[in-house]
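Inspection log for the structure reproduced underneath, given as structure tokens.
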Amino acid sequence: MFTKLCREIFNQSIDTYHITDRVETPINNPFEKGSIEALLYHKNWIDTVQWHYEDIIRDPEINPVAALVLKRKIDASNQERTDMVEYIDSYFLEKFKGIKVEDNASINTESPAWATDRLSILYLKIYHMRQETTRDGVSESHVEACNKKLNILLEQEKDLTSAMDDLLADMESGKKYMKEYKQMKMYNDDSLNPVLYKDKK
């Protein structure tokens, strides 16, 4: 099952990051370059680093200049995250290119790679919520509330992985199909973002 592979690789990436727990730690991808395993590991590493960028930038005492530098890093990370999603979707397009699509086949609300993106973030939520249930120096009510949230996240994991497995099975049988929509982001494009093109002739 693809989602089982995701679970193993995403948790490996998250655990490895938290050995140092520093956003500066370089990625050391243990999988063969170009493989789906390497793509999944890289995707989650980006998400994990960005998770901690988002924590840091919310520090009320952060230096404004440092915050701007960090905001640029978050922007770059978002772009890299989107790139990785498209690479993963290309993997699925290649995987299913020979499948005969049924006449009444339907398209899903999101592509397999964007569902994978949601799963990657979900495992980060599970990891950090589980940490909160064992954190020293917090109240019993805090632990109880976090345990309730953790249970909801674990239920969400079951639902999302089941839905993803069903989607991939339907694509493999021709009941569903996918399209690839290349990036339509406008704010990074100096011909589409009015702040960037306003001074150009």
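Following the order of the structure tokens, chains are lettered A, B, ..., residues in each are numbered from 1, and ligands are numbered from 1.
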
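Taking only C-alpha atoms, the non-local environment of Arg81 (chain A) within 9 Å (same-chain residues fewer than 5 positions away omitted) comprises A:Lys43, A:Asn44, A:Ile46, A:Asp47, A:Ala76, A:Glu86, A:Asp117.
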
Would you mind exporting N, CA and C atoms of the selected residues as a short mmCIF file (atom, residue, chain, number, x, y, z; two decimals), in the first residue's frame?
data_model
loop_
_atom_site.label_atom_id
_atom_site.label_comp_id
_atom_site.auth_asym_id
_atom_site.auth_seq_id
_atom_site.Cartn_x
_atom_site.Cartn_y
_atom_site.Cartn_z
N LYS A 43 10.03 15.49 0.40
CA LYS A 43 8.80 16.24 0.61
C LYS A 43 8.55 16.46 2.09
N ASN A 44 8.65 15.41 2.89
CA ASN A 44 8.38 15.55 4.31
C ASN A 44 9.44 16.37 5.02
N ILE A 46 11.01 18.93 3.82
CA ILE A 46 10.62 20.32 3.56
C ILE A 46 9.51 20.73 4.52
N ASP A 47 8.50 19.89 4.65
CA ASP A 47 7.36 20.19 5.53
C ASP A 47 7.80 20.32 6.99
N ALA A 76 10.25 30.56 -0.02
CA ALA A 76 11.05 29.63 -0.84
C ALA A 76 10.67 28.19 -0.53
N GLU A 86 4.33 18.39 -7.47
CA GLU A 86 4.22 18.16 -8.91
C GLU A 86 5.10 17.00 -9.36
N ASP A 117 0.50 15.26 0.27
CA ASP A 117 0.90 16.48 0.99
C ASP A 117 0.14 16.60 2.31
#

Would you write out, as a tab-separated table, a table of all residues in region 10-126 of chain A that have an atom no more than 10 Å from an atom of region 148-161 of chain A, listing for each the closest atom pair and the distance in Å to one decimal, considering only C-alpha atoms and ordering rows by chain and rising residue number?
residue	atom	partner	partner_atom	distance
A:Ala115	CA	A:Leu160	CA	8.0
A:Thr116	CA	A:Thr161	CA	9.2
A:Arg118	CA	A:Leu160	CA	8.6
A:Leu119	CA	A:Leu160	CA	7.3
A:Leu122	CA	A:Glu157	CA	7.2
A:Tyr123	CA	A:Glu157	CA	8.1
A:Lys125	CA	A:Leu153	CA	7.5
A:Ile126	CA	A:Leu153	CA	6.3

With N, CA and C atoms retained, write the just-selected residues as a compact mmCIF listing (two decimals), in the first residue's frame.
# COMPACT_ATOMS: atom_id res chain seq x y z
N ALA A 115 -3.04 14.83 -1.91
CA ALA A 115 -3.47 14.02 -0.76
C ALA A 115 -2.25 13.58 0.04
N THR A 116 -1.16 13.26 -0.65
CA THR A 116 0.09 12.90 0.00
C THR A 116 0.63 14.07 0.81
N ARG A 118 -1.16 16.38 2.26
CA ARG A 118 -1.98 16.44 3.47
C ARG A 118 -1.53 15.38 4.48
N LEU A 119 -1.18 14.20 3.98
CA LEU A 119 -0.75 13.13 4.87
C LEU A 119 0.58 13.46 5.54
N LEU A 122 -0.12 15.79 8.25
CA LEU A 122 -0.84 15.10 9.32
C LEU A 122 0.11 14.35 10.24
N TYR A 123 1.14 13.70 9.67
CA TYR A 123 2.09 12.99 10.53
C TYR A 123 2.91 13.95 11.39
N LYS A 125 1.60 16.75 12.60
CA LYS A 125 0.66 17.10 13.66
C LYS A 125 0.61 16.00 14.72
N ILE A 126 0.57 14.76 14.27
CA ILE A 126 0.52 13.63 15.21
C ILE A 126 1.79 13.60 16.08

>> Can you tell me, as a PyMOL selection string, which residues in region 4-198 of chain A count as alpha helix (DSSP H) by DSSP?
In response: chain A and resi 4-20+36-57+64-95+112-132+140-173+194-197

Give the strand (DSSP E or B) residues of chain A, as assigned by DSSP on the backbone, as a PDB file with C-alpha atoms, in the first residue's frame.
ATOM      1  CA  SER A 106     -14.554  10.518 -12.790  1.00  0.00           C
ATOM      2  CA  ILE A 107     -11.839  12.854 -11.608  1.00  0.00           C
ATOM      3  CA  LYS A 176     -10.924   7.354 -11.710  1.00  0.00           C
ATOM      4  CA  TYR A 177      -8.349   9.383 -13.566  1.00  0.00           C
TER       5      TYR A 177
END

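Going from CA of Ala113 (chain A) over to CA of Asp89 (chain A), you cover 5.1 Å.
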
> Got a sec: who's within 10 Å of region 62-75 of chain A, counting only C-alpha atoms, leaving out chain neighbours fewer than 5 positions off, as a ChimeraX atom specification?
Replying inline: /A:49-51,53-54,56-57,80-81,188

> Which residues come within 7 Å of region 7-14 of chain A, counting only C-alpha atoms, excluding same-chain residues fewer than 4 positions away, as a PyMOL selection string?
Replying inline: chain A and resi 3+18+40-41+44-45+48+120

What would the file look like if the residues just selected were written as a short mmCIF file (atom, residue, chain, number, x, y, z; two decimals), in the first residue's frame with N, CA and C atoms?
data_model
loop_
_atom_site.label_atom_id
_atom_site.label_comp_id
_atom_site.auth_asym_id
_atom_site.auth_seq_id
_atom_site.Cartn_x
_atom_site.Cartn_y
_atom_site.Cartn_z
N THR A 3 0.12 4.23 1.07
CA THR A 3 0.06 4.98 2.32
C THR A 3 0.93 4.37 3.41
N HIS A 18 14.36 15.46 14.18
CA HIS A 18 14.32 15.82 15.59
C HIS A 18 15.51 15.28 16.39
N LEU A 40 9.35 11.21 -1.47
CA LEU A 40 8.55 11.29 -0.25
C LEU A 40 9.37 11.80 0.93
N TYR A 41 10.59 11.31 1.05
CA TYR A 41 11.46 11.74 2.14
C TYR A 41 11.76 13.24 2.02
N ASN A 44 8.65 15.41 2.89
CA ASN A 44 8.38 15.55 4.31
C ASN A 44 9.44 16.37 5.02
N TRP A 45 10.69 16.26 4.56
CA TRP A 45 11.75 17.07 5.19
C TRP A 45 11.45 18.56 5.00
N THR A 48 8.71 19.45 7.40
CA THR A 48 9.17 19.45 8.79
C THR A 48 9.96 20.73 9.10
N SER A 120 1.48 14.06 4.79
CA SER A 120 2.77 14.47 5.34
C SER A 120 2.59 15.45 6.50
#

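Nearest residue to Lys97 (chain A), choosing from A:Val138, A:Ile19, A:Val143, A:Met178 and counting only C-alpha atoms: A:Met178.
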
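Nearest to Asp103 (chain A) of all the residues A:Gly174, A:Met1, A:Ala145, A:Asp136 is A:Gly174, based on only C-alpha atoms.
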